[in-house]
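File shown: data-v9.cif (mmCIF, C-alpha atoms and all ligand atoms; chains and numbers go by the auth columns).
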data_structure
loop_
_atom_site.group_PDB
_atom_site.id
_atom_site.type_symbol
_atom_site.label_atom_id
_atom_site.label_comp_id
_atom_site.label_asym_id
_atom_site.label_seq_id
_atom_site.Cartn_x
_atom_site.Cartn_y
_atom_site.Cartn_z
_atom_site.B_iso_or_equiv
_atom_site.auth_seq_id
_atom_site.auth_asym_id
ATOM 1 C CA MET A 1 0.000 0.000 0.000 0.00 127 C
ATOM 2 C CA HIS A 2 1.418 3.349 -0.952 0.00 128 C
ATOM 3 C CA TRP A 3 0.485 6.798 -2.141 0.00 129 C
ATOM 4 C CA LEU A 4 0.440 7.173 -5.888 0.00 130 C
ATOM 5 C CA GLU A 5 0.021 10.884 -5.548 0.00 131 C
ATOM 6 C CA LYS A 6 -1.500 13.215 -3.013 0.00 132 C
ATOM 7 C CA GLY A 7 -4.912 11.885 -2.110 0.00 133 C
ATOM 8 C CA VAL A 8 -4.675 8.769 -4.245 0.00 134 C
ATOM 9 C CA LEU A 9 -4.003 5.490 -2.558 0.00 135 C
ATOM 10 C CA GLY A 10 -2.442 2.614 -4.424 0.00 136 C
ATOM 11 C CA ILE A 11 -2.774 -1.012 -3.398 0.00 137 C
ATOM 12 C CA ASP A 12 -0.781 -3.754 -5.052 0.00 138 C
ATOM 13 C CA TRP A 13 -2.899 -6.868 -5.018 0.00 139 C
ATOM 14 C CA SER A 14 -1.371 -10.301 -4.714 0.00 140 C
ATOM 15 C CA ASP A 15 -2.358 -11.129 -8.283 0.00 141 C
ATOM 16 C CA GLY A 16 -0.295 -8.244 -9.543 0.00 142 C
ATOM 17 C CA HIS A 17 -3.168 -5.881 -10.084 0.00 143 C
ATOM 18 C CA ARG A 18 -2.455 -2.299 -9.130 0.00 144 C
ATOM 19 C CA GLY A 19 -5.461 -0.783 -7.465 0.00 145 C
ATOM 20 C CA VAL A 20 -6.089 2.937 -7.526 0.00 146 C
ATOM 21 C CA TYR A 21 -8.230 4.621 -4.872 0.00 147 C
ATOM 22 C CA PRO A 22 -8.793 8.338 -4.674 0.00 148 C
ATOM 23 C CA VAL A 23 -9.377 9.146 -1.007 0.00 149 C
ATOM 24 C CA ARG A 24 -12.457 11.221 -1.617 0.00 150 C
ATOM 25 C CA TYR A 25 -13.949 8.385 -3.611 0.00 151 C
ATOM 26 C CA LEU A 26 -13.399 6.019 -0.708 0.00 152 C
ATOM 27 C CA ARG A 27 -14.893 8.482 1.714 0.00 153 C
ATOM 28 C CA LEU A 28 -17.940 8.908 -0.506 0.00 154 C
ATOM 29 C CA HIS A 29 -18.421 5.171 -0.789 0.00 155 C
ATOM 30 C CA CYS A 30 -17.749 4.441 2.837 0.00 156 C
ATOM 31 C CA PRO A 31 -19.495 1.160 3.621 0.00 157 C
ATOM 32 C CA CYS A 32 -20.311 1.918 7.249 0.00 158 C
ATOM 33 C CA ALA A 33 -23.902 2.002 8.461 0.00 159 C
ATOM 34 C CA ALA A 34 -23.946 5.773 8.724 0.00 160 C
ATOM 35 C CA CYS A 35 -22.939 6.287 5.107 0.00 161 C
ATOM 36 C CA THR A 36 -24.507 3.319 3.369 0.00 162 C
ATOM 37 C CA ASP A 37 -27.914 1.850 3.974 0.00 163 C
ATOM 38 C CA GLU A 38 -27.326 -1.656 5.221 0.00 164 C
ATOM 39 C CA TRP A 39 -30.467 -3.026 3.639 0.00 165 C
ATOM 40 C CA THR A 40 -30.528 -1.443 0.244 0.00 166 C
ATOM 41 C CA GLY A 41 -26.821 -0.835 -0.102 0.00 167 C
ATOM 42 C CA GLU A 42 -27.713 2.667 -1.136 0.00 168 C
ATOM 43 C CA LEU A 43 -25.421 5.521 -0.275 0.00 169 C
ATOM 44 C CA ARG A 44 -26.822 7.911 2.287 0.00 170 C
ATOM 45 C CA LEU A 45 -23.970 10.249 1.827 0.00 171 C
ATOM 46 C CA LYS A 46 -24.220 13.054 -0.649 0.00 172 C
ATOM 47 C CA ALA A 47 -21.192 14.389 -2.423 0.00 173 C
ATOM 48 C CA ASP A 48 -21.859 17.729 -0.722 0.00 174 C
ATOM 49 C CA ASP A 49 -21.467 16.132 2.687 0.00 175 C
ATOM 50 C CA VAL A 50 -17.827 15.366 2.071 0.00 176 C
ATOM 51 C CA PRO A 51 -15.236 18.111 1.925 0.00 177 C
ATOM 52 C CA MET A 52 -13.616 18.581 -1.471 0.00 178 C
ATOM 53 C CA PHE A 53 -10.217 17.913 0.007 0.00 179 C
ATOM 54 C CA VAL A 54 -10.564 15.029 2.351 0.00 180 C
ATOM 55 C CA ALA A 55 -7.453 13.202 3.444 0.00 181 C
ATOM 56 C CA VAL A 56 -6.670 10.030 5.272 0.00 182 C
ATOM 57 C CA ASN A 57 -5.091 10.523 8.663 0.00 183 C
ATOM 58 C CA ASP A 58 -4.672 6.896 9.498 0.00 184 C
ATOM 59 C CA ILE A 59 -5.038 3.448 7.976 0.00 185 C
ATOM 60 C CA GLU A 60 -5.245 0.457 10.254 0.00 186 C
ATOM 61 C CA PRO A 61 -5.473 -3.160 9.184 0.00 187 C
ATOM 62 C CA VAL A 62 -8.392 -5.008 10.745 0.00 188 C
ATOM 63 C CA GLY A 63 -7.666 -8.696 10.935 0.00 189 C
ATOM 64 C CA ARG A 64 -6.834 -10.115 7.551 0.00 190 C
ATOM 65 C CA TYR A 65 -9.837 -8.879 5.737 0.00 191 C
ATOM 66 C CA ALA A 66 -10.187 -5.156 5.965 0.00 192 C
ATOM 67 C CA LEU A 67 -8.654 -1.733 6.379 0.00 193 C
ATOM 68 C CA LYS A 68 -9.968 0.911 8.710 0.00 194 C
ATOM 69 C CA PHE A 69 -9.600 4.436 7.461 0.00 195 C
ATOM 70 C CA THR A 70 -9.601 7.525 9.602 0.00 196 C
ATOM 71 C CA PHE A 71 -10.521 10.413 7.371 0.00 197 C
ATOM 72 C CA SER A 72 -9.573 14.005 7.977 0.00 198 C
ATOM 73 C CA ASP A 73 -13.226 14.967 8.390 0.00 199 C
ATOM 74 C CA GLY A 74 -13.236 12.908 11.561 0.00 200 C
ATOM 75 C CA HIS A 75 -15.026 9.926 10.118 0.00 201 C
ATOM 76 C CA ASP A 76 -13.465 6.672 11.277 0.00 202 C
ATOM 77 C CA THR A 77 -16.176 4.029 11.291 0.00 203 C
ATOM 78 C CA GLY A 78 -15.630 2.822 7.764 0.00 204 C
ATOM 79 C CA LEU A 79 -14.225 -0.649 7.424 0.00 205 C
ATOM 80 C CA PHE A 80 -13.159 -1.280 3.890 0.00 206 C
ATOM 81 C CA SER A 81 -12.885 -4.989 3.301 0.00 207 C
ATOM 82 C CA TYR A 82 -10.434 -6.147 0.684 0.00 208 C
ATOM 83 C CA THR A 83 -13.319 -7.544 -1.320 0.00 209 C
ATOM 84 C CA PHE A 84 -14.930 -4.138 -1.259 0.00 210 C
ATOM 85 C CA LEU A 85 -11.723 -2.386 -2.221 0.00 211 C
ATOM 86 C CA ARG A 86 -11.122 -4.782 -5.044 0.00 212 C
ATOM 87 C CA ARG A 87 -14.615 -4.247 -6.385 0.00 213 C
ATOM 88 C CA TYR A 88 -14.325 -0.488 -6.171 0.00 214 C
ATOM 89 C CA CYS A 89 -10.922 -0.235 -7.770 0.00 215 C
ATOM 90 C CA GLN A 90 -10.712 2.973 -9.774 0.00 216 C
ATOM 91 C CA CYS A 91 -7.882 2.140 -12.114 0.00 217 C
ATOM 92 C CA ASP A 92 -8.274 2.539 -15.846 0.00 218 C
ATOM 93 C CA THR A 93 -8.749 -1.168 -16.343 0.00 219 C
ATOM 94 C CA CYS A 94 -11.483 -1.595 -13.769 0.00 220 C
ATOM 95 C CA VAL A 95 -13.289 1.588 -14.643 0.00 221 C
ATOM 96 C CA PRO A 96 -13.833 1.530 -18.357 0.00 222 C
ATOM 97 C CA VAL A 97 -14.144 4.926 -19.916 0.00 223 C
ATOM 98 C CA LYS A 98 -17.669 5.970 -19.308 0.00 224 C
ATOM 99 C CA PRO A 99 -19.599 9.183 -19.143 0.00 225 C
ATOM 100 C CA GLN A 100 -19.463 11.072 -15.889 0.00 226 C
ATOM 101 C CA GLU A 101 -22.266 10.499 -13.458 0.00 227 C
ATOM 102 C CA PRO A 102 -25.260 12.490 -14.568 0.00 228 C
ATOM 103 C CA LYS A 103 -25.404 15.811 -12.770 0.00 229 C
ATOM 104 C CA SER A 104 -29.006 15.554 -11.765 0.00 230 C
ATOM 105 C CA ARG A 105 -29.445 12.415 -9.761 0.00 231 C
ATOM 106 C CA ARG A 106 -32.941 11.117 -9.977 0.00 232 C
ATOM 107 C CA LEU A 107 -34.718 11.730 -6.743 0.00 233 C
ATOM 108 C CA LEU A 108 -36.391 8.673 -5.354 0.00 234 C
HETATM 109 ZN ZN ZN B . -19.009 5.870 6.876 0.00 301 U
HETATM 110 ZN ZN ZN B . -8.173 -1.971 -11.042 0.00 302 U
#
Full structure transcribed into structure tokens:
Amino acid sequence: MHWLEKGVLGIDWSDGHRGVYPVRYLRLHCPCAACTDEWTGELRLKADDVPMFVAVNDIEPVGRYALKFTFSDGHDTGLFSYTFLRRYCQCDTCVPVKPQEPKSRRLL
């Protein structure tokens, strides 16, 4: 695990894949109960709720399955399992070129 650049975390997976994780992206997709609805898996967090420049103050391994991030906005309840991280990898290979998220999210 290392910093690719400021605010972008890199994780080298055992299969040789190089994962790319912008910190703000991780913060926005935090899997904890406060940020993500446990039942629907829907994000409760809005992009506006997270500061533009959020950093990671601390990363702690939890057992063999997850990493615990302490973000600079004080949020520290997010456990990012390796499965989760792998699925949410933001490298060019895992995120095929696609249009940006539509600006107006449909309101449910
Ligand atoms: Zn959270
Ligand atoms: Zn990837």
Inset, instruction - Using only C-alpha atoms and all ligand atoms, determine which residues fall within 12 Å of ligand ZN 302 (chain U), then list them as a ChimeraX atom specification. - result: /C:136-139,141-147,211-222
Inset, instruction - Dump the neighbourhood of ligand ZN 301 (chain U) as an MDAnalysis selection string: all residues within 9 Å, distances computed on all atoms listed in the file. - result: chainID C and resid 153:162 171 201:205
Legend entry - C:Tyr208, C:Ser140, C:Met127, C:Phe195 ranked by distance to Ala181 of chain C, top pick (using only C-alpha atoms):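 Answer, going by the shortest atom-to-atom distance: C:Phe195.
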Inset, instruction - Can you work out the spacing between atom CA of Asn183 of chain C and atom CA of Phe210 of chain C in Å, to one decimal? - result: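 Spanning atom CA of Asn183 of chain C to atom CA of Phe210 of chain C is a straight-line distance of 20.3 Å.
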Inset, instruction - Would you list the contacts of Asp199 of chain C as a list in words, taking every protein, DNA or RNA residue within 9 Å and counting only C-alpha atoms, but skipping same-chain residues closer than 4 positions in sequence? - result: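 Skipping anything fewer than 4 positions along the chain leaves Val176, Pro177, Val180, Ala181 and Val182 of chain C.
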Inset, instruction - Measure the distance from atom CA of Lys132 of chain C to atom CA of Phe179 of chain C in Å and round it to one decimal. - result: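 We find that atom CA of Lys132 of chain C and atom CA of Phe179 of chain C lie 10.4 Å from each other.
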Legend entry - Nearest to Gly133 of chain C, chosen from C:Phe197, C:Ser207, C:Thr166, C:Tyr191, with all atoms listed in the file counted in the distances: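 Counting all atoms listed in the file, the residue closest to Gly133 of chain C is C:Phe197.
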Missing atoms in segment 133-167 of chain C: fill them in up to N, CA and C atoms and send the result as an mmCIF file, in the frame of the given file.
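And here is the file that came out, selection14.cif:
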data_model
loop_
_atom_site.group_PDB
_atom_site.id
_atom_site.type_symbol
_atom_site.label_atom_id
_atom_site.label_comp_id
_atom_site.auth_asym_id
_atom_site.auth_seq_id
_atom_site.Cartn_x
_atom_site.Cartn_y
_atom_site.Cartn_z
ATOM 1 N N GLY C 133 -3.487 12.185 -2.115
ATOM 2 C CA GLY C 133 -4.912 11.885 -2.110
ATOM 3 C C GLY C 133 -5.313 10.677 -2.934
ATOM 4 N N VAL C 134 -4.343 9.969 -3.486
ATOM 5 C CA VAL C 134 -4.675 8.769 -4.245
ATOM 6 C C VAL C 134 -3.880 7.589 -3.701
ATOM 7 N N LEU C 135 -4.620 6.647 -3.178
ATOM 8 C CA LEU C 135 -4.003 5.490 -2.558
ATOM 9 C C LEU C 135 -3.827 4.369 -3.587
ATOM 10 N N GLY C 136 -2.668 3.746 -3.536
ATOM 11 C CA GLY C 136 -2.442 2.614 -4.424
ATOM 12 C C GLY C 136 -2.296 1.340 -3.625
ATOM 13 N N ILE C 137 -2.928 0.280 -4.070
ATOM 14 C CA ILE C 137 -2.774 -1.012 -3.398
ATOM 15 C C ILE C 137 -2.345 -2.040 -4.438
ATOM 16 N N ASP C 138 -1.229 -2.683 -4.161
ATOM 17 C CA ASP C 138 -0.781 -3.754 -5.052
ATOM 18 C C ASP C 138 -1.392 -5.065 -4.576
ATOM 19 N N TRP C 139 -2.242 -5.619 -5.382
ATOM 20 C CA TRP C 139 -2.899 -6.868 -5.018
ATOM 21 C C TRP C 139 -1.976 -8.046 -5.288
ATOM 22 N N SER C 140 -2.266 -9.150 -4.610
ATOM 23 C CA SER C 140 -1.371 -10.301 -4.714
ATOM 24 C C SER C 140 -1.337 -10.876 -6.130
ATOM 25 N N ASP C 141 -2.374 -10.606 -6.917
ATOM 26 C CA ASP C 141 -2.358 -11.129 -8.283
ATOM 27 C C ASP C 141 -1.674 -10.171 -9.248
ATOM 28 N N GLY C 142 -1.049 -9.141 -8.689
ATOM 29 C CA GLY C 142 -0.295 -8.244 -9.543
ATOM 30 C C GLY C 142 -1.073 -7.029 -10.007
ATOM 31 N N HIS C 143 -2.355 -7.019 -9.676
ATOM 32 C CA HIS C 143 -3.168 -5.881 -10.084
ATOM 33 C C HIS C 143 -2.830 -4.666 -9.237
ATOM 34 N N ARG C 144 -2.752 -3.514 -9.878
ATOM 35 C CA ARG C 144 -2.455 -2.299 -9.130
ATOM 36 C C ARG C 144 -3.731 -1.483 -8.968
ATOM 37 N N GLY C 145 -4.221 -1.488 -7.750
ATOM 38 C CA GLY C 145 -5.461 -0.783 -7.465
ATOM 39 C C GLY C 145 -5.224 0.701 -7.241
ATOM 40 N N VAL C 146 -6.180 1.486 -7.642
ATOM 41 C CA VAL C 146 -6.089 2.937 -7.526
ATOM 42 C C VAL C 146 -7.331 3.441 -6.785
ATOM 43 N N TYR C 147 -7.110 4.194 -5.707
ATOM 44 C CA TYR C 147 -8.230 4.621 -4.872
ATOM 45 C C TYR C 147 -8.097 6.075 -4.437
ATOM 46 N N PRO C 148 -8.785 6.949 -5.140
ATOM 47 C CA PRO C 148 -8.793 8.338 -4.674
ATOM 48 C C PRO C 148 -9.475 8.402 -3.304
ATOM 49 N N VAL C 149 -8.871 9.113 -2.378
ATOM 50 C CA VAL C 149 -9.377 9.146 -1.007
ATOM 51 C C VAL C 149 -10.817 9.644 -0.932
ATOM 52 N N ARG C 150 -11.097 10.675 -1.689
ATOM 53 C CA ARG C 150 -12.457 11.221 -1.617
ATOM 54 C C ARG C 150 -13.463 10.196 -2.122
ATOM 55 N N TYR C 151 -13.066 9.430 -3.107
ATOM 56 C CA TYR C 151 -13.949 8.385 -3.611
ATOM 57 C C TYR C 151 -14.238 7.360 -2.516
ATOM 58 N N LEU C 152 -13.213 6.976 -1.805
ATOM 59 C CA LEU C 152 -13.399 6.019 -0.708
ATOM 60 C C LEU C 152 -14.318 6.589 0.361
ATOM 61 N N ARG C 153 -14.078 7.851 0.675
ATOM 62 C CA ARG C 153 -14.893 8.482 1.714
ATOM 63 C C ARG C 153 -16.358 8.510 1.277
ATOM 64 N N LEU C 154 -16.578 8.822 0.013
ATOM 65 C CA LEU C 154 -17.940 8.908 -0.506
ATOM 66 C C LEU C 154 -18.621 7.547 -0.541
ATOM 67 N N HIS C 155 -17.835 6.507 -0.698
ATOM 68 C CA HIS C 155 -18.421 5.171 -0.789
ATOM 69 C C HIS C 155 -18.196 4.377 0.486
ATOM 70 N N CYS C 156 -17.981 5.093 1.557
ATOM 71 C CA CYS C 156 -17.749 4.441 2.837
ATOM 72 C C CYS C 156 -18.868 3.437 3.132
ATOM 73 N N PRO C 157 -18.487 2.203 3.446
ATOM 74 C CA PRO C 157 -19.495 1.160 3.621
ATOM 75 C C PRO C 157 -20.106 1.095 5.017
ATOM 76 N N CYS C 158 -19.770 2.017 5.893
ATOM 77 C CA CYS C 158 -20.311 1.918 7.249
ATOM 78 C C CYS C 158 -21.796 2.239 7.276
ATOM 79 N N ALA C 159 -22.443 1.890 8.374
ATOM 80 C CA ALA C 159 -23.902 2.002 8.461
ATOM 81 C C ALA C 159 -24.381 3.451 8.378
ATOM 82 N N ALA C 160 -23.533 4.372 8.768
ATOM 83 C CA ALA C 160 -23.946 5.773 8.724
ATOM 84 C C ALA C 160 -23.934 6.326 7.306
ATOM 85 N N CYS C 161 -23.096 5.752 6.463
ATOM 86 C CA CYS C 161 -22.939 6.287 5.107
ATOM 87 C C CYS C 161 -23.700 5.471 4.068
ATOM 88 N N THR C 162 -23.848 4.188 4.327
ATOM 89 C CA THR C 162 -24.507 3.319 3.369
ATOM 90 C C THR C 162 -25.650 2.582 4.054
ATOM 91 N N ASP C 163 -26.780 2.572 3.416
ATOM 92 C CA ASP C 163 -27.914 1.850 3.974
ATOM 93 C C ASP C 163 -27.644 0.360 3.946
ATOM 94 N N GLU C 164 -27.689 -0.246 5.129
ATOM 95 C CA GLU C 164 -27.326 -1.656 5.221
ATOM 96 C C GLU C 164 -28.239 -2.561 4.421
ATOM 97 N N TRP C 165 -29.494 -2.156 4.293
ATOM 98 C CA TRP C 165 -30.467 -3.026 3.639
ATOM 99 C C TRP C 165 -30.437 -2.877 2.134
ATOM 100 N N THR C 166 -30.446 -1.650 1.689
ATOM 101 C CA THR C 166 -30.528 -1.443 0.244
ATOM 102 C C THR C 166 -29.155 -1.282 -0.394
ATOM 103 N N GLY C 167 -28.149 -1.056 0.445
ATOM 104 C CA GLY C 167 -26.821 -0.835 -0.102
ATOM 105 C C GLY C 167 -26.693 0.541 -0.730
#
